[in-house]
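Okay, so here's the structure we're looking at.
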Amino acid sequence: MTTSEQPDHADDTAAETPEHTGVAAQDWERASADPQYRAAVVDLLGALAYGELAAFERLAEDAKLAPTLADKAELAKMASAEFHHYEKLRDRLAEIGEEPTRAMEPFVAALDGFHKQTAPSDWLEGLVKAYVGDSIASDFYREVAARLDSDTRGLVLAVLDDTGHGGFAVEKVRAAIDADPRVGGRLALWARRLMGEALSQSQRVVADRDALSTMLVGGVADGFDLAEVGRMFSRITEAHTKRMAALGLAA
């Protein structure tokens with residue numbers, strides 16, 4: 001999944017290195033003894049795997065819109081990185097005895113619907129979508145990862161590694177705004193739309209999957225209640241505002 005630079009709150013969290021408790025202090029073998037937790041993790045890995053596969057496909061398509069050969073090659077490299085992330089998730093699902101395609105299928109309609117509703121009309125909109133839209137999803141998964149068992153947490157964080165798209169997008173979008181300031185207004189509106197669609201899509205996915213929603217609101221995840229869900233989305237919104245600033249756009 002294409003990601004931006006780590007938002008500030010993620011750096012603060014890493015610096016504090018809080019002690020893990022509950023499920024987060026367990027490894028997969030121990031935590032997966034709870035069938036509800038196992039189902040939640042399978043859902044999470046399935047959603048992530050399809051997200052990575054869709055990101056690969058979209059970046060390959062976006063490369064066709066690239067204005068220069070160098071830009072095309074850069075996006076192709078990022079697309080390759082996304083596919084390797086997908087392979088890691090696919091292999092992990094198989095390793096724990098789950099059929100990868102079956103695990104991904106529940107999320108195909110929602111993710112495809114999001115991408116259909118937010119299809120970019122040009123190169124710059126594609127860059128902003130990857131930088132803003134995918135980063136919102138990545139922030140969400142990082143929040144969830146803090147409550148996962150150690151083995152699953154390590155995998156999730158590994159596949160959320162920055163593929164380089166963040167810095168690339170900032171450079172290209174800022175250059176375009178410098179060349180024509182009118183571009184900024186159009187892209188700011190586009191980014192706000194992406195924010196709304198991405199949050200709505202994340203909430204719909206969670207609501208449709210009982211095990212996943214239970215994990216988020218405190219069933220099998222240690223100390224993660226409804227109030228914390230609200231704070232989580234507030235942190236995601238704050239990170240979005242910082243990314244908009246990095247692009248030179250008004251949030």
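Chain labels follow the order of the structure tokens: the first chain is A, the next B, and so on; residue numbering restarts at 1 in every chain, and ligands are counted from 1 in their shown order.
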
Margin query: Neighbouring residues of segment 172-181 of chain A were defined as those with any atom within 8 Å, considering only C-alpha atoms; residues of the same chain fewer than 2 positions away were excluded. Please report them as a list in words.
Written below: Leu124, Leu127, Val128, Phe168, Ala169, Val170, Val183, Gly184, Gly185, Leu247 and Gly248 of chain A

Notebook entry, point to check: Got a sec: who's within 12 Å of Glu52 of chain A, counting only C-alpha atoms, leaving out chain neighbours fewer than 4 positions off, as a PyMOL selection string?
Noted result: chain A and resi 1-3+45-48+56-59+78-90+104+107-108+111+130+134+137-138+156+159-161+163

Checklist line | Those in segment 64-178 of chain A with helix (DSSP H, G or I) from DSSP, as JSON, numbers by chain | finding: {"A": [64, 65, 69, 70, 71, 72, 73, 74, 75, 76, 77, 78, 79, 80, 81, 82, 83, 84, 85, 86, 87, 88, 89, 90, 91, 92, 93, 94, 95, 100, 101, 102, 103, 104, 105, 106, 107, 108, 109, 110, 111, 112, 113, 114, 115, 116, 117, 123, 124, 125, 126, 127, 128, 129, 130, 131, 132, 133, 134, 135, 136, 137, 138, 139, 140, 141, 142, 143, 144, 145, 150, 151, 152, 153, 154, 155, 156, 157, 158, 159, 165, 166, 167, 168, 169, 170, 171, 172, 173, 174, 175, 176, 177, 178]}

For C-alpha atoms, I'd like the residues from the last selection saved as a short mmCIF file (atom, residue, chain, number, x, y, z; two decimals), in the first residue's frame.
data_model
loop_
_atom_site.label_atom_id
_atom_site.label_comp_id
_atom_site.auth_asym_id
_atom_site.auth_seq_id
_atom_site.Cartn_x
_atom_site.Cartn_y
_atom_site.Cartn_z
CA LYS A 64 0.30 5.17 -18.37
CA LEU A 65 -0.58 8.78 -17.47
CA LEU A 69 9.66 8.15 -19.07
CA ALA A 70 11.40 8.69 -15.72
CA ASP A 71 8.04 9.16 -13.99
CA LYS A 72 6.69 6.04 -15.67
CA ALA A 73 9.66 4.00 -14.45
CA GLU A 74 9.28 5.36 -10.91
CA LEU A 75 5.64 4.30 -10.72
CA ALA A 76 6.46 0.90 -12.18
CA LYS A 77 9.02 0.39 -9.39
CA MET A 78 6.42 1.33 -6.77
CA ALA A 79 3.88 -1.01 -8.33
CA SER A 80 6.40 -3.84 -8.04
CA ALA A 81 6.88 -3.08 -4.35
CA GLU A 82 3.11 -3.23 -3.80
CA PHE A 83 2.93 -6.65 -5.44
CA HIS A 84 5.69 -7.97 -3.17
CA HIS A 85 3.66 -6.74 -0.18
CA TYR A 86 0.65 -8.63 -1.54
CA GLU A 87 2.74 -11.79 -1.86
CA LYS A 88 3.79 -11.58 1.80
CA LEU A 89 0.18 -11.36 2.92
CA ARG A 90 -0.94 -14.10 0.55
CA ASP A 91 1.81 -16.40 1.81
CA ARG A 92 0.96 -15.67 5.45
CA LEU A 93 -2.69 -16.51 4.92
CA ALA A 94 -1.70 -19.81 3.34
CA GLU A 95 0.76 -20.46 6.17
CA PRO A 100 -6.00 -16.29 0.28
CA THR A 101 -8.65 -15.70 -2.37
CA ARG A 102 -11.44 -16.60 0.04
CA ALA A 103 -10.00 -14.25 2.65
CA MET A 104 -9.88 -11.36 0.15
CA GLU A 105 -13.29 -11.86 -1.45
CA PRO A 106 -15.40 -10.09 1.23
CA PHE A 107 -13.49 -6.84 0.58
CA VAL A 108 -13.44 -6.79 -3.20
CA ALA A 109 -16.75 -4.99 -3.68
CA ALA A 110 -16.03 -2.24 -1.14
CA LEU A 111 -12.49 -1.55 -2.35
CA ASP A 112 -13.42 -1.72 -6.03
CA GLY A 113 -16.35 0.60 -5.31
CA PHE A 114 -14.05 3.11 -3.63
CA HIS A 115 -11.63 3.08 -6.55
CA LYS A 116 -14.46 3.40 -9.06
CA GLN A 117 -15.90 6.41 -7.22
CA TRP A 123 -1.80 12.39 -13.55
CA LEU A 124 -1.89 14.85 -10.65
CA GLU A 125 -5.15 13.52 -9.26
CA GLY A 126 -3.65 10.04 -9.37
CA LEU A 127 -0.65 11.19 -7.35
CA VAL A 128 -2.83 12.90 -4.76
CA LYS A 129 -5.03 9.82 -4.49
CA ALA A 130 -2.07 7.56 -3.81
CA TYR A 131 -0.56 10.00 -1.32
CA VAL A 132 -3.75 10.97 0.52
CA GLY A 133 -6.17 8.09 -0.02
CA ASP A 134 -3.78 5.20 0.52
CA SER A 135 -2.14 6.94 3.46
CA ILE A 136 -5.47 7.19 5.27
CA ALA A 137 -5.89 3.43 4.92
CA SER A 138 -2.31 2.87 6.07
CA ASP A 139 -2.86 5.03 9.15
CA PHE A 140 -5.95 2.97 9.97
CA TYR A 141 -4.06 -0.31 9.69
CA ARG A 142 -1.18 1.02 11.82
CA GLU A 143 -3.66 1.93 14.54
CA VAL A 144 -5.10 -1.58 14.43
CA ALA A 145 -1.63 -3.16 14.37
CA SER A 150 3.37 -9.79 17.86
CA ASP A 151 3.67 -11.98 14.74
CA THR A 152 0.73 -10.40 12.91
CA ARG A 153 1.74 -6.92 14.02
CA GLY A 154 5.22 -7.34 12.53
CA LEU A 155 3.81 -8.49 9.21
CA VAL A 156 1.24 -5.69 8.98
CA LEU A 157 3.82 -3.01 9.74
CA ALA A 158 6.24 -4.52 7.21
CA VAL A 159 3.73 -4.35 4.35
CA HIS A 165 5.35 7.37 -3.33
CA GLY A 166 4.97 9.98 -0.59
CA GLY A 167 8.06 12.02 -1.39
CA PHE A 168 7.54 11.52 -5.11
CA ALA A 169 3.96 12.81 -4.96
CA VAL A 170 4.88 15.84 -2.84
CA GLU A 171 7.65 16.83 -5.24
CA LYS A 172 5.49 16.52 -8.36
CA VAL A 173 2.36 18.16 -6.93
CA ARG A 174 4.26 21.11 -5.44
CA ALA A 175 6.05 21.66 -8.74
CA ALA A 176 2.71 21.65 -10.58
CA ILE A 177 1.21 24.20 -8.15
CA ASP A 178 4.27 26.42 -8.48
#

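Here atom CA of Ala24 of chain A and atom CA of Ala146 of chain A stand 6.9 Å from one another.
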
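Our summary of the geometry notes that atom CA of Gln26 of chain A is positioned 23.3 Å from atom CA of Val206 of chain A.
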